[in-house]
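Raw contents of target11.tsv, TSV, C-alpha atoms:
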chain	number	residue	atom	x	y	z
A	1	MET	CA	38.47	-26.44	-11.98
A	2	ARG	CA	40.47	-24.36	-14.40
A	3	ARG	CA	38.39	-21.49	-15.80
A	4	ARG	CA	38.56	-19.96	-19.26
A	5	MET	CA	39.71	-16.41	-19.73
A	6	LEU	CA	36.44	-14.48	-19.87
A	7	PRO	CA	35.85	-11.24	-21.80
A	8	LEU	CA	34.80	-9.36	-18.67
A	9	SER	CA	34.68	-5.90	-20.26
A	10	ALA	CA	32.54	-7.22	-23.09
A	11	LEU	CA	30.21	-8.97	-20.65
A	12	ARG	CA	29.77	-5.77	-18.66
A	13	ALA	CA	29.06	-3.71	-21.79
A	14	PHE	CA	26.53	-6.27	-23.02
A	15	GLU	CA	24.73	-6.38	-19.65
A	16	VAL	CA	24.33	-2.59	-19.55
A	17	ALA	CA	23.25	-2.40	-23.21
A	18	ALA	CA	20.69	-5.18	-22.68
A	19	ARG	CA	19.30	-3.53	-19.56
A	20	ARG	CA	19.19	-0.04	-21.12
A	21	GLY	CA	17.95	-1.15	-24.53
A	22	SER	CA	20.32	1.10	-26.48
A	23	VAL	CA	24.01	1.61	-27.15
A	24	LYS	CA	23.78	5.32	-26.42
A	25	ALA	CA	22.24	4.84	-22.96
A	26	ALA	CA	24.78	2.14	-22.14
A	27	ALA	CA	27.66	4.40	-23.17
A	28	LEU	CA	26.28	7.19	-21.01
A	29	GLU	CA	26.02	4.92	-17.95
A	30	MET	CA	29.54	3.52	-18.39
A	31	GLY	CA	31.14	6.83	-19.33
A	32	VAL	CA	32.51	5.61	-22.67
A	33	THR	CA	31.74	6.24	-26.35
A	34	ASP	CA	28.97	4.58	-28.34
A	35	GLY	CA	31.64	2.95	-30.50
A	36	ALA	CA	33.32	1.38	-27.48
A	37	ILE	CA	30.04	-0.29	-26.43
A	38	SER	CA	29.41	-1.55	-29.97
A	39	ARG	CA	32.92	-3.03	-30.21
A	40	GLN	CA	32.55	-4.80	-26.87
A	41	VAL	CA	29.19	-6.28	-27.86
A	42	ARG	CA	30.61	-7.51	-31.19
A	43	GLU	CA	33.53	-9.06	-29.29
A	44	LEU	CA	31.13	-10.97	-27.07
A	45	GLU	CA	29.06	-12.11	-30.05
A	46	THR	CA	32.26	-13.44	-31.62
A	47	PHE	CA	33.12	-15.19	-28.35
A	48	VAL	CA	29.74	-16.97	-28.08
A	49	GLY	CA	29.48	-17.57	-31.83
A	50	GLY	CA	26.31	-15.76	-32.81
A	51	PRO	CA	24.14	-12.64	-32.54
A	52	LEU	CA	22.81	-11.49	-29.18
A	53	PHE	CA	20.94	-8.44	-30.47
A	54	VAL	CA	18.71	-7.70	-33.44
A	55	ARG	CA	19.45	-4.17	-34.63
A	56	SER	CA	16.32	-2.29	-35.69
A	57	GLY	CA	15.11	1.25	-36.06
A	58	ARG	CA	13.70	1.04	-32.53
A	59	GLY	CA	17.12	0.36	-31.02
A	60	LEU	CA	18.41	-2.95	-29.71
A	61	GLU	CA	16.23	-6.01	-29.31
A	62	LEU	CA	17.58	-9.13	-27.61
A	63	THR	CA	17.53	-12.45	-29.38
A	64	GLY	CA	16.29	-15.45	-27.41
A	65	VAL	CA	19.87	-16.42	-26.58
A	66	GLY	CA	20.68	-12.81	-25.72
A	67	ALA	CA	17.71	-12.53	-23.33
A	68	ALA	CA	18.70	-15.74	-21.51
A	69	LEU	CA	22.32	-14.61	-21.23
A	70	SER	CA	21.30	-11.15	-20.03
A	71	ALA	CA	19.14	-12.54	-17.20
A	72	LYS	CA	21.84	-14.92	-15.94
A	73	LEU	CA	24.56	-12.32	-16.31
A	74	SER	CA	22.57	-9.79	-14.24
A	75	GLN	CA	22.21	-12.36	-11.47
A	76	ALA	CA	25.94	-13.14	-11.61
A	77	LEU	CA	26.89	-9.45	-11.40
A	78	ASP	CA	24.56	-9.01	-8.41
A	79	LEU	CA	26.31	-11.92	-6.66
A	80	ILE	CA	29.71	-10.39	-7.40
A	81	ASP	CA	28.47	-7.07	-6.01
A	82	ILE	CA	27.32	-8.76	-2.78
A	83	ALA	CA	30.61	-10.67	-2.46
A	84	LEU	CA	32.61	-7.44	-2.82
A	85	ASP	CA	30.45	-5.73	-0.18
A	86	GLU	CA	31.04	-8.62	2.22
A	87	ALA	CA	34.79	-8.48	1.60
A	88	ARG	CA	34.88	-4.73	2.20
A	89	THR	CA	32.85	-5.12	5.38
A	90	GLU	CA	35.17	-7.80	6.73
A	91	LEU	CA	38.27	-5.76	5.92
A	92	SER	CA	36.76	-2.62	7.43
A	93	ARG	CA	36.63	-4.40	10.79
A	94	ARG	CA	40.31	-5.26	10.82
A	95	PRO	CA	42.75	-2.98	12.60
A	96	SER	CA	45.18	-3.17	9.69
A	97	ILE	CA	43.11	-0.77	7.58
A	98	ALA	CA	42.15	1.59	10.40
A	99	ALA	CA	43.74	5.01	10.13
A	100	GLU	CA	44.15	7.64	12.82
A	101	GLU	CA	41.81	10.07	11.05
A	102	SER	CA	38.08	9.41	10.96
A	103	HIS	CA	36.21	8.27	7.84
A	104	GLN	CA	33.06	10.17	6.95
A	105	VAL	CA	29.90	8.50	5.66
A	106	ARG	CA	27.19	10.75	4.25
A	107	VAL	CA	23.69	9.30	4.45
A	108	ARG	CA	20.32	10.81	3.52
A	109	ALA	CA	17.17	9.14	4.84
A	110	VAL	CA	13.42	9.61	4.73
A	111	ALA	CA	12.04	11.01	7.97
A	112	THR	CA	10.16	7.96	9.25
A	113	LEU	CA	13.07	5.57	8.78
A	114	ALA	CA	15.45	8.06	10.41
A	115	ALA	CA	13.21	8.79	13.39
A	116	ARG	CA	12.08	5.26	14.12
A	117	MET	CA	14.95	2.97	13.07
A	118	LEU	CA	18.17	5.02	12.93
A	119	LEU	CA	18.21	7.71	15.62
A	120	PRO	CA	17.56	5.32	18.53
A	121	ARG	CA	20.55	3.20	17.40
A	122	ILE	CA	23.11	5.70	16.12
A	123	ALA	CA	24.89	5.96	19.47
A	124	ALA	CA	25.50	2.21	19.40
A	125	PHE	CA	26.91	2.42	15.86
A	126	GLU	CA	29.29	5.23	16.81
A	127	ARG	CA	30.41	3.34	19.90
A	128	ASP	CA	31.24	0.23	17.84
A	129	HIS	CA	32.79	2.24	14.95
A	130	PRO	CA	34.72	5.10	16.60
A	131	LEU	CA	36.66	5.92	13.42
A	132	ILE	CA	33.54	6.41	11.28
A	133	GLU	CA	31.86	9.81	11.32
A	134	LEU	CA	28.22	9.52	10.28
A	135	VAL	CA	26.76	12.60	8.60
A	136	LEU	CA	22.98	12.06	8.47
A	137	SER	CA	20.50	14.34	6.72
A	138	VAL	CA	16.74	13.78	6.80
A	139	SER	CA	14.26	14.43	4.01
A	140	ASP	CA	10.63	13.65	3.33
A	141	SER	CA	11.48	12.85	-0.30
A	142	ALA	CA	14.95	11.27	-0.48
A	143	ASP	CA	15.62	9.81	-3.93
A	144	GLU	CA	18.31	8.76	-6.41
A	145	ASP	CA	19.30	12.37	-7.17
A	146	ASP	CA	20.69	12.64	-3.63
A	147	LEU	CA	23.47	10.15	-4.48
A	148	ALA	CA	25.43	13.06	-5.96
A	149	GLU	CA	26.12	14.29	-2.42
A	150	ASN	CA	25.66	11.12	-0.33
A	151	GLU	CA	27.13	7.64	-0.41
A	152	LEU	CA	23.80	6.10	0.64
A	153	VAL	CA	20.18	7.23	0.29
A	154	LEU	CA	17.61	5.43	2.45
A	155	CYS	CA	14.16	5.79	0.94
A	156	TYR	CA	10.82	4.11	0.23
A	157	THR	CA	9.81	2.57	-3.08
A	158	ARG	CA	6.70	0.91	-4.43
A	159	ASP	CA	8.63	-0.52	-7.39
A	160	ALA	CA	8.68	-4.29	-7.69
A	161	PRO	CA	11.42	-5.27	-8.08
A	162	PRO	CA	13.20	-2.35	-6.36
A	163	PRO	CA	15.62	-0.17	-8.38
A	164	ARG	CA	18.64	-2.04	-9.71
A	165	GLY	CA	21.65	-1.73	-7.45
A	166	SER	CA	19.58	-0.93	-4.37
A	167	VAL	CA	19.65	-2.99	-1.18
A	168	VAL	CA	16.29	-3.95	0.33
A	169	LEU	CA	16.37	-3.10	4.06
A	170	PHE	CA	12.91	-4.47	4.82
A	171	ARG	CA	9.56	-4.81	3.10
A	172	ASP	CA	6.63	-2.70	4.24
A	173	GLU	CA	4.17	-5.30	5.56
A	174	ALA	CA	1.32	-3.07	6.71
A	175	GLU	CA	-1.55	-3.82	9.07
A	176	PRO	CA	-4.02	-1.71	11.07
A	177	VAL	CA	-2.96	-0.70	14.59
A	178	ALA	CA	-4.60	1.63	17.09
A	179	SER	CA	-4.56	2.66	20.72
A	180	PRO	CA	-6.55	0.46	23.12
A	181	ARG	CA	-8.95	3.31	23.89
A	182	VAL	CA	-9.76	3.73	20.18
A	183	LEU	CA	-10.57	0.02	19.94
A	184	ALA	CA	-12.80	0.33	22.99
A	185	ARG	CA	-14.57	3.29	21.40
A	186	LEU	CA	-15.11	1.47	18.10
A	187	GLY	CA	-16.64	-1.57	19.73
A	188	ASP	CA	-16.00	-5.18	18.82
A	189	ILE	CA	-14.12	-5.10	15.48
A	190	GLN	CA	-14.01	-8.57	13.93
A	191	THR	CA	-13.79	-7.99	10.15
A	192	PRO	CA	-12.16	-5.59	7.67
A	193	VAL	CA	-15.64	-4.41	6.65
A	194	GLN	CA	-16.43	-3.38	10.22
A	195	LEU	CA	-13.12	-1.55	10.50
A	196	MET	CA	-13.61	0.39	7.27
A	197	SER	CA	-17.18	1.34	8.17
A	198	ARG	CA	-16.48	2.57	11.71
A	199	ALA	CA	-12.94	3.95	11.96
A	200	ARG	CA	-11.18	7.13	10.99
A	201	LEU	CA	-8.17	6.04	8.97
A	202	LEU	CA	-4.74	7.65	9.37
A	203	GLY	CA	-2.03	7.61	6.72
A	204	ALA	CA	0.79	9.44	5.01
A	205	THR	CA	-0.10	9.03	1.33
A	206	PRO	CA	-1.72	11.96	-0.52
A	207	THR	CA	-4.32	9.79	-2.26
A	208	GLY	CA	-4.90	7.09	0.38
A	209	TRP	CA	-3.52	4.40	-1.93
A	210	ASP	CA	-2.14	2.45	1.05
A	211	TRP	CA	-5.54	1.93	2.68
A	212	GLN	CA	-7.10	1.32	-0.72
A	213	ALA	CA	-4.56	-1.46	-1.38
A	214	TRP	CA	-5.21	-2.96	2.06
A	215	ALA	CA	-8.99	-2.85	1.56
A	216	THR	CA	-8.74	-4.44	-1.89
A	217	ALA	CA	-6.50	-7.23	-0.55
A	218	HIS	CA	-9.15	-8.03	2.06
A	219	GLY	CA	-12.11	-7.86	-0.30
A	220	VAL	CA	-13.54	-4.55	0.90
A	221	ALA	CA	-14.87	-1.97	-1.56
A	222	TRP	CA	-12.93	1.30	-1.26
A	223	SER	CA	-14.84	4.55	-1.08
A	224	PRO	CA	-13.20	7.96	-1.62
A	225	GLU	CA	-15.62	9.22	1.06
A	226	GLN	CA	-13.94	7.06	3.72
A	227	PRO	CA	-13.09	9.29	6.74
A	228	THR	CA	-9.33	9.80	6.64
A	229	MET	CA	-6.66	12.03	8.08
A	230	ARG	CA	-3.36	12.37	6.21
A	231	PHE	CA	0.05	13.41	7.48
A	232	GLU	CA	3.40	14.34	5.95
A	233	THR	CA	5.16	11.24	7.31
A	234	ASP	CA	4.31	7.79	8.64
A	235	ASP	CA	6.02	8.78	11.88
A	236	LEU	CA	3.42	11.54	12.44
A	237	ALA	CA	0.58	9.18	11.52
A	238	ILE	CA	1.80	6.65	14.10
A	239	GLN	CA	2.04	9.38	16.74
A	240	ALA	CA	-1.54	10.41	15.91
A	241	ALA	CA	-2.68	6.81	16.41
A	242	VAL	CA	-1.00	6.75	19.83
A	243	ALA	CA	-2.86	9.96	20.69
A	244	GLY	CA	-6.16	8.23	19.92
A	245	VAL	CA	-7.00	10.07	16.70
A	246	GLY	CA	-7.73	6.95	14.64
A	247	VAL	CA	-6.39	3.72	13.13
A	248	VAL	CA	-3.08	3.77	11.27
A	249	LEU	CA	-1.80	1.32	8.67
A	250	ALA	CA	1.80	0.56	9.60
A	251	ASP	CA	4.52	-2.05	9.53
A	252	VAL	CA	4.74	-3.24	13.12
A	253	ARG	CA	8.55	-2.82	13.05
A	254	LEU	CA	8.06	0.92	12.69
A	255	ALA	CA	5.68	0.95	15.65
A	256	ALA	CA	7.67	-1.56	17.72
A	257	ARG	CA	8.18	0.72	20.74
A	258	GLU	CA	4.52	1.67	20.96
A	259	MET	CA	3.39	-1.94	20.56
A	260	ARG	CA	5.86	-3.17	23.15
A	261	ASP	CA	4.44	-0.65	25.62
A	262	GLU	CA	0.88	-1.54	24.49
A	263	ARG	CA	0.20	2.03	23.47
A	264	LEU	CA	-0.73	0.52	20.09
A	265	VAL	CA	-2.27	-2.90	19.45
A	266	ARG	CA	-3.28	-4.87	16.37
A	267	VAL	CA	-6.85	-4.17	15.34
A	268	LEU	CA	-7.39	-7.41	13.39
A	269	PRO	CA	-4.79	-9.94	14.58
A	270	ASP	CA	-6.06	-12.64	12.22
A	271	ALA	CA	-5.97	-10.48	9.07
A	272	PRO	CA	-2.64	-10.96	7.25
A	273	PRO	CA	-0.54	-7.84	6.58
A	274	VAL	CA	-0.39	-6.43	3.06
A	275	SER	CA	2.92	-5.77	1.30
A	276	LEU	CA	2.87	-2.15	0.07
A	277	GLY	CA	6.51	-1.47	-0.87
A	278	SER	CA	10.05	-1.57	0.47
A	279	PHE	CA	12.49	0.55	2.42
A	280	VAL	CA	15.71	0.42	0.40
A	281	ALA	CA	19.24	1.76	0.41
A	282	LEU	CA	20.23	3.38	-2.87
A	283	ARG	CA	24.01	3.29	-3.18
A	284	ARG	CA	26.84	4.50	-5.32
A	285	PRO	CA	28.42	1.87	-7.60
A	286	VAL	CA	31.57	1.84	-5.45
A	287	LEU	CA	31.52	2.30	-1.67
A	288	ASP	CA	34.56	2.80	0.53
A	289	ALA	CA	35.16	0.63	3.59
A	290	ALA	CA	33.41	3.03	5.98
A	291	ALA	CA	30.19	3.26	3.91
A	292	THR	CA	30.23	-0.50	3.39
A	293	ALA	CA	30.55	-1.05	7.15
A	294	PHE	CA	27.59	1.27	7.80
A	295	LEU	CA	25.45	-0.50	5.19
A	296	ALA	CA	26.30	-3.91	6.69
A	297	TRP	CA	25.36	-2.62	10.16
A	298	LEU	CA	22.12	-1.21	8.80
A	299	ARG	CA	21.15	-4.49	7.19
A	300	GLU	CA	21.93	-6.31	10.43
A	301	ILE	CA	19.76	-4.12	12.69
A	302	LEU	CA	16.86	-4.12	10.22
A	303	ALA	CA	16.94	-7.84	9.49
A	304	PRO	CA	13.78	-9.66	10.59
A	305	PRO	CA	14.20	-11.46	13.93
A	306	PRO	CA	14.73	-15.21	13.69
A	307	ALA	CA	11.59	-17.25	14.04
A	308	SER	CA	11.11	-18.70	17.51
A	309	PRO	CA	11.69	-22.46	17.60
A	310	PRO	CA	8.58	-24.50	18.34
A	311	ALA	CA	8.10	-25.52	21.94
A	312	PRO	CA	9.35	-29.05	22.60
A	313	LEU	CA	6.63	-31.63	22.74
A	314	THR	CA	6.09	-33.09	26.22
A	315	PRO	CA	5.74	-36.85	25.94
A	316	ALA	CA	2.45	-38.17	27.27
A	317	PRO	CA	2.81	-40.16	30.52
A	318	SER	CA	2.78	-43.91	30.15
A	319	PRO	CA	-0.41	-45.56	31.35
A	320	PRO	CA	-0.05	-47.16	34.81
A	321	ALA	CA	0.56	-50.87	34.96
A	322	PRO	CA	-2.46	-53.00	35.85
A	323	GLY	CA	-3.05	-52.85	39.59
A	324	ALA	CA	-0.62	-49.96	40.12
A	325	PRO	CA	-1.84	-46.97	42.18
A	326	PRO	CA	-2.71	-43.84	40.20
A	327	PRO	CA	0.04	-41.18	39.96
A	328	GLY	CA	0.27	-38.95	43.02
A	329	SER	CA	-1.63	-41.31	45.34
A	330	ALA	CA	-0.10	-42.70	48.52
A	331	PRO	CA	0.89	-46.36	48.40
A	332	GLU	CA	-1.43	-48.76	50.19
A	333	PRO	CA	-0.10	-49.95	53.56
A	334	PRO	CA	1.12	-53.53	53.66
A	335	ALA	CA	-1.44	-56.13	54.70
A	336	PRO	CA	-1.16	-57.24	58.35
A	337	PRO	CA	0.57	-60.60	58.91
A	338	ALA	CA	-1.69	-63.62	59.05
A	339	PRO	CA	-2.49	-64.74	62.64

Whole structure given in structure tokens:
Amino acid sequence: MRRRMLPLSALRAFEVAARRGSVKAAALEMGVTDGAISRQVRELETFVGGPLFVRSGRGLELTGVGAALSAKLSQALDLIDIALDEARTELSRRPSIAAEESHQVRVRAVATLAARMLLPRIAAFERDHPLIELVLSVSDSADEDDLAENELVLCYTRDAPPPRGSVVLFRDEAEPVASPRVLARLGDIQTPVQLMSRARLLGATPTGWDWQAWATAHGVAWSPEQPTMRFETDDLAIQAAVAGVGVVLADVRLAAREMRDERLVRVLPDAPPVSLGSFVALRRPVLDAAATAFLAWLREILAPPPASPPAPLTPAPSPPAPGAPPPGSAPEPPAPPAP
């Protein structure tokens, strides 16, 4: 199908202005003047044949048509962004773009994600990408400000949806886990109420909001007097649970090694996990081939495992024919010949 010539610059300016709610903020994000944004928006309004904004003393307000266009345009730009990432990743794997010198990728990550998901796998990444030099720094509070010095920032967010432009690595689906000896000490735990009334809770939030959210989701009243022990990072809280200090609320992917070795087990296997937030990759607007390759690798190793296919159904045996011997029995000897 032949496509029309689209006013791409005007569409981009409109999308940013709609998202930011003002011409000034849009101009600041795009690095142009206020007048340039206004001209591009007017050009788009001419193209579609009507107003997309209502100008008021409070800034820009979208019309109904403008709001619908803004939502669809944001989705389209996200798809374009993903397509460009995939293209860069594919090209980064081809020998034609490989140079003799190494390509550096600077990444900053929160401590738990670095310790539990990255460090055990970095050697494999470097083996498969010998021309990419990974420069990793670890912080307890990585955030968007770190993009000034890093191509990627791997952090945790409770925002829903996550920050625009970020890539969700995996969602934090938390559930209580503990060492087998702690479970033995607590006795038979069958309900969330029993858990909250008997256990010392471990966590890495200053106010205990994670356990409060879990309790609320399971219909348990939260008390600020609940016995708790708090740590700087989730990694330390998980290590404390392994040591038998208490029960930790964790995504089982973060505690995969300990659960595989049965140093930690689920406390309430039938209680569904509670979604508390997301681990995301904040990224610069434009990534080079090396950073794109690292991000693609990261998404691959952190992707949820495919669901196991159901076991094939074994057909029931057909009932024996009338007069036939039952399965597994020896056949009757032939009758002796008549005298």

Within 12 Å of range 164-184 of chain A, which residues of range 201-237 of chain A show up? Give each one with its shortest atom-to-atom distance in Å (one decimal) and the two atoms involved, counting only C-alpha atoms, rows by chain then rising residue number, as a tab-separated table.
residue	atom	partner	partner_atom	distance
A:Leu201	CA	A:Pro176	CA	9.0
A:Leu202	CA	A:Pro176	CA	9.5
A:Gly203	CA	A:Pro176	CA	10.5
A:Asp210	CA	A:Ala174	CA	8.6
A:Trp211	CA	A:Pro176	CA	9.3
A:Ala213	CA	A:Ala174	CA	10.1
A:Trp214	CA	A:Glu175	CA	8.0
A:Ala215	CA	A:Glu175	CA	10.6
A:Ala217	CA	A:Glu175	CA	11.3
A:His218	CA	A:Glu175	CA	11.2
A:Asp234	CA	A:Ala174	CA	11.4
A:Ala237	CA	A:Ala178	CA	10.7

- Note on the structure: From the list A:Arg283, A:Arg12, A:Arg253, A:Arg260, the nearest residue to Ser70 in chain A using all atoms listed in the file is A:Arg12

- Closest to Ala148 in chain A among A:Val247, A:Met117, A:Val193, A:Leu282, using all atoms listed in the file? A:Leu282

- Query: Could you state the separation of CA of Val267 in chain A and CA of Leu302 in chain A in Å, given to one decimal place?
  - Reply: 24.3 Å

- Item | Close residues, range 28-45 of chain A itself excluded, 8 Å, all atoms listed in the file, min 6 positions apart in chain, as an NGL selection string | :A and (7 or 9-11 or 13-14 or 16-17 or 51-52)

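Nearest-residue note for Phe125 in chain A: choosing from A:Ala241, A:Arg200, A:Ala293, A:Pro304, the minimum distance belongs to A:Ala293, counting only C-alpha atoms.
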
- Query: Can you list, as a ChimeraX atom specification, every protein, DNA or RNA residue that comes within 7 Å of Glu151 in chain A when you count only C-alpha atoms, leaving out same-chain residues fewer than 6 positions away?
  - Reply: /A:105-107,283-284,291

- Message: Between CA of Glu61 in chain A and CA of Val48 in chain A, what is the distance in Å, rounded to a tenth?
- Response: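 Value for the CA of Glu61 in chain A-CA of Val48 in chain A distance: 17.4 Å.
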
- Task: Enter the distance from CA of Asp288 in chain A to CA of Ala114 in chain A, in Å, rounded to one decimal.
- Result: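 A separation of 22.1 Å between them.
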
Kindly assemble as JSON lines a list of the range 53-157 of chain A residues that lie within 9 Å of range 254-258 of chain A, each paired with its nearest atom pair and their distance in Å to one decimal, using all atoms listed in the file, sorted first by chain and then by ascending residue number.
{"residue": "A:Thr112", "atom": "CA", "partner": "A:Leu254", "partner_atom": "CA", "distance": 8.1}
{"residue": "A:Leu113", "atom": "CA", "partner": "A:Leu254", "partner_atom": "CA", "distance": 7.9}
{"residue": "A:Arg116", "atom": "CA", "partner": "A:Leu254", "partner_atom": "CA", "distance": 6.1}
{"residue": "A:Met117", "atom": "CA", "partner": "A:Leu254", "partner_atom": "CA", "distance": 7.2}

Residue selection dump (C-alpha atoms) as a PDB file, keeping the file's coordinate frame:
ATOM      1  CA  THR A 112      10.160   7.960   9.250  1.00  0.00           C
ATOM      2  CA  LEU A 113      13.070   5.570   8.780  1.00  0.00           C
ATOM      3  CA  ARG A 116      12.080   5.260  14.120  1.00  0.00           C
ATOM      4  CA  MET A 117      14.950   2.970  13.070  1.00  0.00           C
TER       5      MET A 117
END

- Query: So which residues touch range 131-145 of chain A within 6 Å, counting only C-alpha atoms, skipping near sequence neighbours fewer than 4 positions away, as JSON, numbers by chain?
  - Reply: {"A": [102, 103, 104, 105, 106, 107, 108, 109, 110, 111, 155]}

Using the incomplete input, complete range 106-118 of chain A to the level of N, CA and C atoms; output as a PDB file, in the coordinates of the input.
ATOM      1  N   ARG A 106      28.325   9.839   4.417  1.00  0.00           N
ATOM      2  CA  ARG A 106      27.190  10.750   4.250  1.00  0.00           C
ATOM      3  C   ARG A 106      25.956   9.951   3.836  1.00  0.00           C
ATOM      4  N   VAL A 107      24.905  10.082   4.643  1.00  0.00           N
ATOM      5  CA  VAL A 107      23.690   9.300   4.450  1.00  0.00           C
ATOM      6  C   VAL A 107      22.491  10.240   4.474  1.00  0.00           C
ATOM      7  N   ARG A 108      21.585  10.058   3.533  1.00  0.00           N
ATOM      8  CA  ARG A 108      20.320  10.810   3.520  1.00  0.00           C
ATOM      9  C   ARG A 108      19.199   9.793   3.685  1.00  0.00           C
ATOM     10  N   ALA A 109      18.226  10.114   4.538  1.00  0.00           N
ATOM     11  CA  ALA A 109      17.170   9.140   4.840  1.00  0.00           C
ATOM     12  C   ALA A 109      15.825   9.830   4.926  1.00  0.00           C
ATOM     13  N   VAL A 110      14.772   9.086   4.546  1.00  0.00           N
ATOM     14  CA  VAL A 110      13.420   9.610   4.730  1.00  0.00           C
ATOM     15  C   VAL A 110      13.135   9.719   6.227  1.00  0.00           C
ATOM     16  N   ALA A 111      12.233  10.632   6.575  1.00  0.00           N
ATOM     17  CA  ALA A 111      12.040  11.010   7.970  1.00  0.00           C
ATOM     18  C   ALA A 111      11.609   9.843   8.860  1.00  0.00           C
ATOM     19  N   THR A 112      10.659   9.038   8.404  1.00  0.00           N
ATOM     20  CA  THR A 112      10.160   7.960   9.250  1.00  0.00           C
ATOM     21  C   THR A 112      11.239   6.946   9.569  1.00  0.00           C
ATOM     22  N   LEU A 113      12.010   6.542   8.555  1.00  0.00           N
ATOM     23  CA  LEU A 113      13.070   5.570   8.780  1.00  0.00           C
ATOM     24  C   LEU A 113      14.127   6.150   9.724  1.00  0.00           C
ATOM     25  N   ALA A 114      14.454   7.424   9.540  1.00  0.00           N
ATOM     26  CA  ALA A 114      15.450   8.060  10.410  1.00  0.00           C
ATOM     27  C   ALA A 114      14.955   8.122  11.842  1.00  0.00           C
ATOM     28  N   ALA A 115      13.724   8.590  12.038  1.00  0.00           N
ATOM     29  CA  ALA A 115      13.210   8.790  13.390  1.00  0.00           C
ATOM     30  C   ALA A 115      12.987   7.486  14.130  1.00  0.00           C
ATOM     31  N   ARG A 116      12.523   6.457  13.422  1.00  0.00           N
ATOM     32  CA  ARG A 116      12.080   5.260  14.120  1.00  0.00           C
ATOM     33  C   ARG A 116      13.108   4.139  14.120  1.00  0.00           C
ATOM     34  N   MET A 117      14.009   4.089  13.139  1.00  0.00           N
ATOM     35  CA  MET A 117      14.950   2.970  13.070  1.00  0.00           C
ATOM     36  C   MET A 117      16.411   3.385  13.252  1.00  0.00           C
ATOM     37  N   LEU A 118      16.763   4.618  12.868  1.00  0.00           N
ATOM     38  CA  LEU A 118      18.170   5.020  12.930  1.00  0.00           C
ATOM     39  C   LEU A 118      18.524   5.770  14.214  1.00  0.00           C
TER      40      LEU A 118
END
